[in-house]
Amino acid sequence: MTETPIHDKVAATPFPETTGRTKGYEKRAVDAFLARARDAFEADDPGVLRSSEVRAVSFPLVKGGYAVASVDAALGRVEDAFAAREREHALSRLGARAWVAETRDTAQVVLDRLGRPRGQRFERVSLLHYGYRVDEVDVVADRVARYLAAGDPVTPDQVRAVAFRLQRGGYRETQVDAVLDAVVEVMLAVG
């Protein structure tokens with residue numbers, strides 16, 4: 001009996017697979033999205049797929065799927081590549097001065113939001129619903145605000161990896177997520 005060469009095995013499973021009861025990302029969905037991303041990147045058309053779409057992609061969780069951390073790390077690298085290309089296209093289209101002004105404006109909007117008093121930075125859900133824990137979001141908001149205002153060290157991967165527990169009456173998730181997405185966009189825009 002002949003065994004499949006190792007490079008064929010690696011090509012067949014680009015990410016580690018989950019085992020036991022642990023769920024991972026559905027393989028076909030991940031493979032399809034990464035094929036789409038590769039085609040879009042090779043097409044060199046900035047309108048086909050944007051870094052924000054890579055950041056927002058989600059996959060069903062299933063038993064025997066791809067390990068979440070490995071796929072998320074790869075998606076971070078794909079997002080970085082698309083963001084670098086978008087930055088190049090924007091610089092050539094807008095010119096450096098307009099592009100910097102646009103990025104600065106986005107950063108200022110985020111900084112204004114994060115400059116609000118603790119506990120009041122985002123809309124709250126009702127006490128009957130769950131939202132992000134206010135204290136945890138405020139800690140991250142303080143750190144991001146220091147990054148934007150004073151250049152304290154924070155990486156896009158750190159912002160992408162942020163996860164909050166839930167609480168009744170917490171911050172509205174969609175608002176927090178939108179601001180964190182804008183922070184990543186600013187970080188990637190400045191390289």
# chains A, B, ... in the order shown; residues from 1 in each chain; ligands from 1
call {"tool": "residues_around", "arguments": {"residues": "Leu114 of chain A", "least_positions_apart": "6", "cutoff": "7 Å", "atoms": "only C-alpha atoms", "output": "list in words"}}
result
Arg121, Ala141 and Ala145 of chain A
call {"tool": "write_last_selection", "arguments": {"atoms": "C-alpha atoms", "output": "compact mmCIF listing (two decimals), in the first residue's frame"}}
result
# COMPACT_ATOMS: atom_id res chain seq x y z
CA ARG A 121 -18.84 55.54 25.88
CA ALA A 141 -11.11 51.79 25.28
CA ALA A 145 -7.32 55.95 23.35
call {"tool": "residues_around", "arguments": {"residues": "Val183 of chain A", "least_positions_apart": "3", "cutoff": "9 Å", "atoms": "only C-alpha atoms", "output": "PDB file with all heavy atoms, in the first residue's frame"}}
result
ATOM      1  N   THR A 106     -10.768  59.806  10.783  1.00  0.00           N
ATOM      2  CA  THR A 106     -11.328  58.575  11.359  1.00  0.00           C
ATOM      3  C   THR A 106     -10.792  58.366  12.765  1.00  0.00           C
ATOM      4  O   THR A 106     -11.551  58.050  13.694  1.00  0.00           O
ATOM      5  CB  THR A 106     -10.988  57.355  10.475  1.00  0.00           C
ATOM      6  OG1 THR A 106     -11.511  57.570   9.170  1.00  0.00           O
ATOM      7  CG2 THR A 106     -11.559  56.080  11.061  1.00  0.00           C
ATOM      8  N   ALA A 107      -9.495  58.545  12.939  1.00  0.00           N
ATOM      9  CA  ALA A 107      -8.894  58.385  14.260  1.00  0.00           C
ATOM     10  C   ALA A 107      -9.484  59.374  15.262  1.00  0.00           C
ATOM     11  O   ALA A 107      -9.737  59.021  16.422  1.00  0.00           O
ATOM     12  CB  ALA A 107      -7.375  58.555  14.179  1.00  0.00           C
ATOM     13  N   VAL A 110     -12.955  58.255  16.424  1.00  0.00           N
ATOM     14  CA  VAL A 110     -12.819  57.173  17.408  1.00  0.00           C
ATOM     15  C   VAL A 110     -12.343  57.727  18.743  1.00  0.00           C
ATOM     16  O   VAL A 110     -12.887  57.391  19.798  1.00  0.00           O
ATOM     17  CB  VAL A 110     -11.850  56.083  16.890  1.00  0.00           C
ATOM     18  CG1 VAL A 110     -11.511  55.087  17.987  1.00  0.00           C
ATOM     19  CG2 VAL A 110     -12.436  55.377  15.676  1.00  0.00           C
ATOM     20  N   VAL A 144      -6.797  51.819  23.896  1.00  0.00           N
ATOM     21  CA  VAL A 144      -6.851  52.259  22.499  1.00  0.00           C
ATOM     22  C   VAL A 144      -6.749  53.784  22.419  1.00  0.00           C
ATOM     23  O   VAL A 144      -6.066  54.322  21.546  1.00  0.00           O
ATOM     24  CB  VAL A 144      -8.136  51.740  21.814  1.00  0.00           C
ATOM     25  CG1 VAL A 144      -8.353  52.407  20.469  1.00  0.00           C
ATOM     26  CG2 VAL A 144      -8.079  50.223  21.668  1.00  0.00           C
ATOM     27  N   LEU A 148      -4.071  56.011  20.277  1.00  0.00           N
ATOM     28  CA  LEU A 148      -4.406  57.047  19.297  1.00  0.00           C
ATOM     29  C   LEU A 148      -3.863  58.415  19.691  1.00  0.00           C
ATOM     30  O   LEU A 148      -3.441  59.186  18.837  1.00  0.00           O
ATOM     31  CB  LEU A 148      -5.920  57.116  19.101  1.00  0.00           C
ATOM     32  CG  LEU A 148      -6.565  55.903  18.433  1.00  0.00           C
ATOM     33  CD1 LEU A 148      -8.085  56.008  18.494  1.00  0.00           C
ATOM     34  CD2 LEU A 148      -6.081  55.745  16.998  1.00  0.00           C
ATOM     35  N   PRO A 156      -2.618  45.625  15.771  1.00  0.00           N
ATOM     36  CA  PRO A 156      -3.916  45.233  15.219  1.00  0.00           C
ATOM     37  C   PRO A 156      -4.360  43.849  15.715  1.00  0.00           C
ATOM     38  O   PRO A 156      -5.542  43.640  15.986  1.00  0.00           O
ATOM     39  CB  PRO A 156      -3.690  45.230  13.702  1.00  0.00           C
ATOM     40  CG  PRO A 156      -2.557  46.170  13.494  1.00  0.00           C
ATOM     41  CD  PRO A 156      -1.680  46.030  14.711  1.00  0.00           C
ATOM     42  N   VAL A 159      -6.028  44.104  19.053  1.00  0.00           N
ATOM     43  CA  VAL A 159      -7.391  44.639  18.964  1.00  0.00           C
ATOM     44  C   VAL A 159      -8.328  43.580  18.390  1.00  0.00           C
ATOM     45  O   VAL A 159      -9.446  43.396  18.873  1.00  0.00           O
ATOM     46  CB  VAL A 159      -7.437  45.933  18.126  1.00  0.00           C
ATOM     47  CG1 VAL A 159      -8.861  46.438  17.964  1.00  0.00           C
ATOM     48  CG2 VAL A 159      -6.561  47.014  18.759  1.00  0.00           C
ATOM     49  N   ALA A 178     -18.009  48.086  15.946  1.00  0.00           N
ATOM     50  CA  ALA A 178     -17.767  49.049  14.869  1.00  0.00           C
ATOM     51  C   ALA A 178     -16.581  49.955  15.200  1.00  0.00           C
ATOM     52  O   ALA A 178     -15.755  50.242  14.328  1.00  0.00           O
ATOM     53  CB  ALA A 178     -19.019  49.880  14.611  1.00  0.00           C
ATOM     54  N   VAL A 179     -16.487  50.379  16.444  1.00  0.00           N
ATOM     55  CA  VAL A 179     -15.361  51.238  16.835  1.00  0.00           C
ATOM     56  C   VAL A 179     -14.051  50.452  16.789  1.00  0.00           C
ATOM     57  O   VAL A 179     -13.035  50.948  16.303  1.00  0.00           O
ATOM     58  CB  VAL A 179     -15.606  51.866  18.230  1.00  0.00           C
ATOM     59  CG1 VAL A 179     -14.345  52.516  18.765  1.00  0.00           C
ATOM     60  CG2 VAL A 179     -16.729  52.902  18.132  1.00  0.00           C
ATOM     61  N   LEU A 180     -14.072  49.211  17.269  1.00  0.00           N
ATOM     62  CA  LEU A 180     -12.848  48.400  17.214  1.00  0.00           C
ATOM     63  C   LEU A 180     -12.438  48.141  15.768  1.00  0.00           C
ATOM     64  O   LEU A 180     -11.241  48.143  15.446  1.00  0.00           O
ATOM     65  CB  LEU A 180     -13.033  47.093  17.981  1.00  0.00           C
ATOM     66  CG  LEU A 180     -13.167  47.242  19.496  1.00  0.00           C
ATOM     67  CD1 LEU A 180     -13.402  45.892  20.144  1.00  0.00           C
ATOM     68  CD2 LEU A 180     -11.950  47.934  20.102  1.00  0.00           C
ATOM     69  N   VAL A 186      -7.616  52.145  11.077  1.00  0.00           N
ATOM     70  CA  VAL A 186      -6.646  53.217  11.257  1.00  0.00           C
ATOM     71  C   VAL A 186      -5.253  52.639  11.437  1.00  0.00           C
ATOM     72  O   VAL A 186      -4.282  53.109  10.823  1.00  0.00           O
ATOM     73  CB  VAL A 186      -7.027  54.111  12.464  1.00  0.00           C
ATOM     74  CG1 VAL A 186      -5.882  55.024  12.857  1.00  0.00           C
ATOM     75  CG2 VAL A 186      -8.281  54.921  12.152  1.00  0.00           C
ATOM     76  N   MET A 187      -5.137  51.612  12.253  1.00  0.00           N
ATOM     77  CA  MET A 187      -3.820  50.990  12.493  1.00  0.00           C
ATOM     78  C   MET A 187      -3.230  50.457  11.196  1.00  0.00           C
ATOM     79  O   MET A 187      -2.039  50.632  10.928  1.00  0.00           O
ATOM     80  CB  MET A 187      -3.943  49.854  13.507  1.00  0.00           C
ATOM     81  CG  MET A 187      -4.322  50.319  14.894  1.00  0.00           C
ATOM     82  SD  MET A 187      -4.657  48.898  15.956  1.00  0.00           S
ATOM     83  CE  MET A 187      -3.476  49.208  17.266  1.00  0.00           C
ATOM     84  N   LEU A 188      -4.052  49.797  10.401  1.00  0.00           N
ATOM     85  CA  LEU A 188      -3.568  49.237   9.145  1.00  0.00           C
ATOM     86  C   LEU A 188      -3.280  50.338   8.123  1.00  0.00           C
ATOM     87  O   LEU A 188      -2.386  50.196   7.287  1.00  0.00           O
ATOM     88  CB  LEU A 188      -4.577  48.233   8.586  1.00  0.00           C
ATOM     89  CG  LEU A 188      -4.776  46.970   9.415  1.00  0.00           C
ATOM     90  CD1 LEU A 188      -5.880  46.108   8.824  1.00  0.00           C
ATOM     91  CD2 LEU A 188      -3.484  46.184   9.564  1.00  0.00           C
TER      92      LEU A 188
END
call {"tool": "closest_residue", "arguments": {"among": "A:Asp105, A:Glu88, A:Asp177, A:Glu26", "to": "Gly131 of chain A", "atoms": "only C-alpha atoms"}}
result
A:Asp177
call {"tool": "select_by_dssp", "arguments": {"residues": "segment 57-132 of chain A", "states": "strand (DSSP E or B)", "output": "PyMOL selection string"}}
result
chain A and resi 61-63+66+124+130-132
call {"tool": "residues_around", "arguments": {"residues": "Arg168 of chain A", "least_positions_apart": "5", "cutoff": "7 Å", "atoms": "only C-alpha atoms", "output": "MDAnalysis selection string"}}
result
chainID A and resid 127:131
call {"tool": "residues_around", "arguments": {"residues": "Val48 of chain A", "least_positions_apart": "5", "cutoff": "10 Å", "atoms": "only C-alpha atoms", "output": "PyMOL selection string"}}
result
chain A and resi 36-37+39-41+43
call {"tool": "write_last_selection", "arguments": {"atoms": "C-alpha atoms", "output": "compact mmCIF listing (two decimals), in the first residue's frame"}}
result
# COMPACT_ATOMS: atom_id res chain seq x y z
CA ARG A 36 -12.10 33.91 -3.08
CA ALA A 37 -9.57 36.07 -1.21
CA ASP A 39 -8.48 35.28 -6.50
CA ALA A 40 -9.36 38.83 -5.43
CA PHE A 41 -5.81 39.57 -4.36
CA ALA A 43 -6.89 40.27 -9.60
call {"tool": "closest_atom_pairs", "arguments": {"of": "segment 119-185 of chain A", "to": "segment 53-66 of chain A", "cutoff": "10 Å", "atoms": "only C-alpha atoms", "output": "tab-separated table"}}
result
residue	atom	partner	partner_atom	distance
A:Arg160	CA	A:Arg55	CA	8.3
A:Asp177	CA	A:Ala56	CA	9.9
A:Asp181	CA	A:Arg55	CA	7.9
A:Val184	CA	A:Arg55	CA	9.2
A:Glu185	CA	A:Arg55	CA	9.8
call {"tool": "closest_residue", "arguments": {"among": "A:Asp31, A:Glu123, A:Asp142, A:Glu173", "to": "Ala74 of chain A", "atoms": "only C-alpha atoms"}}
result
A:Asp31
call {"tool": "select_by_dssp", "arguments": {"residues": "segment 7-109 of chain A", "states": "helix (DSSP H, G or I)", "output": "ChimeraX atom specification"}}
result
/A:7-12,27-43,51-56,68-94,96-109
call {"tool": "residues_around", "arguments": {"residues": "segment 82-84 of chain A", "least_positions_apart": "2", "cutoff": "9 Å", "atoms": "only C-alpha atoms", "output": "PDB file with N, CA and C atoms, in the first residue's frame"}}
result
ATOM      1  N   PHE A  41      -7.124  38.944  -4.537  1.00  0.00           N
ATOM      2  CA  PHE A  41      -5.809  39.565  -4.362  1.00  0.00           C
ATOM      3  C   PHE A  41      -5.016  39.503  -5.669  1.00  0.00           C
ATOM      4  N   PRO A  46      -9.025  46.670  -6.104  1.00  0.00           N
ATOM      5  CA  PRO A  46      -9.342  46.986  -4.719  1.00  0.00           C
ATOM      6  C   PRO A  46     -10.824  46.922  -4.376  1.00  0.00           C
ATOM      7  N   LEU A  49     -12.663  42.757  -3.040  1.00  0.00           N
ATOM      8  CA  LEU A  49     -12.712  42.324  -1.648  1.00  0.00           C
ATOM      9  C   LEU A  49     -11.885  43.303  -0.833  1.00  0.00           C
ATOM     10  N   ARG A  50     -12.434  43.767   0.272  1.00  0.00           N
ATOM     11  CA  ARG A  50     -11.745  44.760   1.097  1.00  0.00           C
ATOM     12  C   ARG A  50     -11.287  44.143   2.410  1.00  0.00           C
ATOM     13  N   SER A  51     -10.318  44.769   3.028  1.00  0.00           N
ATOM     14  CA  SER A  51      -9.801  44.271   4.308  1.00  0.00           C
ATOM     15  C   SER A  51     -10.905  44.215   5.359  1.00  0.00           C
ATOM     16  N   SER A  52     -11.829  45.151   5.305  1.00  0.00           N
ATOM     17  CA  SER A  52     -12.930  45.147   6.274  1.00  0.00           C
ATOM     18  C   SER A  52     -13.820  43.918   6.097  1.00  0.00           C
ATOM     19  N   VAL A  54     -12.695  40.992   5.066  1.00  0.00           N
ATOM     20  CA  VAL A  54     -11.915  39.885   5.625  1.00  0.00           C
ATOM     21  C   VAL A  54     -12.083  39.877   7.140  1.00  0.00           C
ATOM     22  N   ARG A  77      -3.437  37.832   8.688  1.00  0.00           N
ATOM     23  CA  ARG A  77      -2.405  38.079   7.677  1.00  0.00           C
ATOM     24  C   ARG A  77      -3.030  38.471   6.330  1.00  0.00           C
ATOM     25  N   VAL A  78      -4.136  37.822   5.982  1.00  0.00           N
ATOM     26  CA  VAL A  78      -4.831  38.169   4.735  1.00  0.00           C
ATOM     27  C   VAL A  78      -5.357  39.602   4.818  1.00  0.00           C
ATOM     28  N   GLU A  79      -5.945  39.940   5.955  1.00  0.00           N
ATOM     29  CA  GLU A  79      -6.448  41.308   6.137  1.00  0.00           C
ATOM     30  C   GLU A  79      -5.317  42.319   6.014  1.00  0.00           C
ATOM     31  N   ASP A  80      -4.177  42.027   6.635  1.00  0.00           N
ATOM     32  CA  ASP A  80      -3.028  42.925   6.549  1.00  0.00           C
ATOM     33  C   ASP A  80      -2.596  43.140   5.097  1.00  0.00           C
ATOM     34  N   GLU A  86      -4.800  48.365  -0.148  1.00  0.00           N
ATOM     35  CA  GLU A  86      -5.751  49.489  -0.115  1.00  0.00           C
ATOM     36  C   GLU A  86      -5.026  50.794   0.182  1.00  0.00           C
ATOM     37  N   ARG A  87      -4.044  50.734   1.078  1.00  0.00           N
ATOM     38  CA  ARG A  87      -3.258  51.930   1.409  1.00  0.00           C
ATOM     39  C   ARG A  87      -2.516  52.423   0.176  1.00  0.00           C
ATOM     40  N   GLU A  88      -1.904  51.513  -0.570  1.00  0.00           N
ATOM     41  CA  GLU A  88      -1.184  51.891  -1.796  1.00  0.00           C
ATOM     42  C   GLU A  88      -2.123  52.525  -2.820  1.00  0.00           C
ATOM     43  N   HIS A  89      -3.288  51.907  -3.030  1.00  0.00           N
ATOM     44  CA  HIS A  89      -4.254  52.450  -3.988  1.00  0.00           C
ATOM     45  C   HIS A  89      -4.762  53.827  -3.538  1.00  0.00           C
ATOM     46  N   GLU A 185      -8.748  49.552  11.226  1.00  0.00           N
ATOM     47  CA  GLU A 185      -8.571  50.215   9.937  1.00  0.00           C
ATOM     48  C   GLU A 185      -7.545  51.348  10.025  1.00  0.00           C
ATOM     49  N   LEU A 188      -4.052  49.797  10.401  1.00  0.00           N
ATOM     50  CA  LEU A 188      -3.568  49.237   9.145  1.00  0.00           C
ATOM     51  C   LEU A 188      -3.280  50.338   8.123  1.00  0.00           C
ATOM     52  N   ALA A 189      -4.023  51.427   8.206  1.00  0.00           N
ATOM     53  CA  ALA A 189      -3.806  52.528   7.265  1.00  0.00           C
ATOM     54  C   ALA A 189      -2.462  53.200   7.493  1.00  0.00           C
ATOM     55  N   GLY A 191       0.056  51.699   8.760  1.00  0.00           N
ATOM     56  CA  GLY A 191       1.091  50.664   8.565  1.00  0.00           C
ATOM     57  C   GLY A 191       1.719  50.326   9.807  1.00  0.00           C
TER      58      GLY A 191
END
call {"tool": "closest_residue", "arguments": {"among": "A:Val140, A:Ala182, A:Val71, A:Ala161", "to": "Ala29 of chain A", "atoms": "only C-alpha atoms"}}
result
A:Val71
call {"tool": "atom_distance", "arguments": {"atom1": "atom CA of Arg38 of chain A", "atom2": "atom CA of Leu91 of chain A"}}
result
22.8 Å
call {"tool": "closest_residue", "arguments": {"among": "A:Gly170, A:Leu75, A:Leu34, A:Ala69", "to": "Ser126 of chain A", "atoms": "only C-alpha atoms"}}
result
A:Gly170
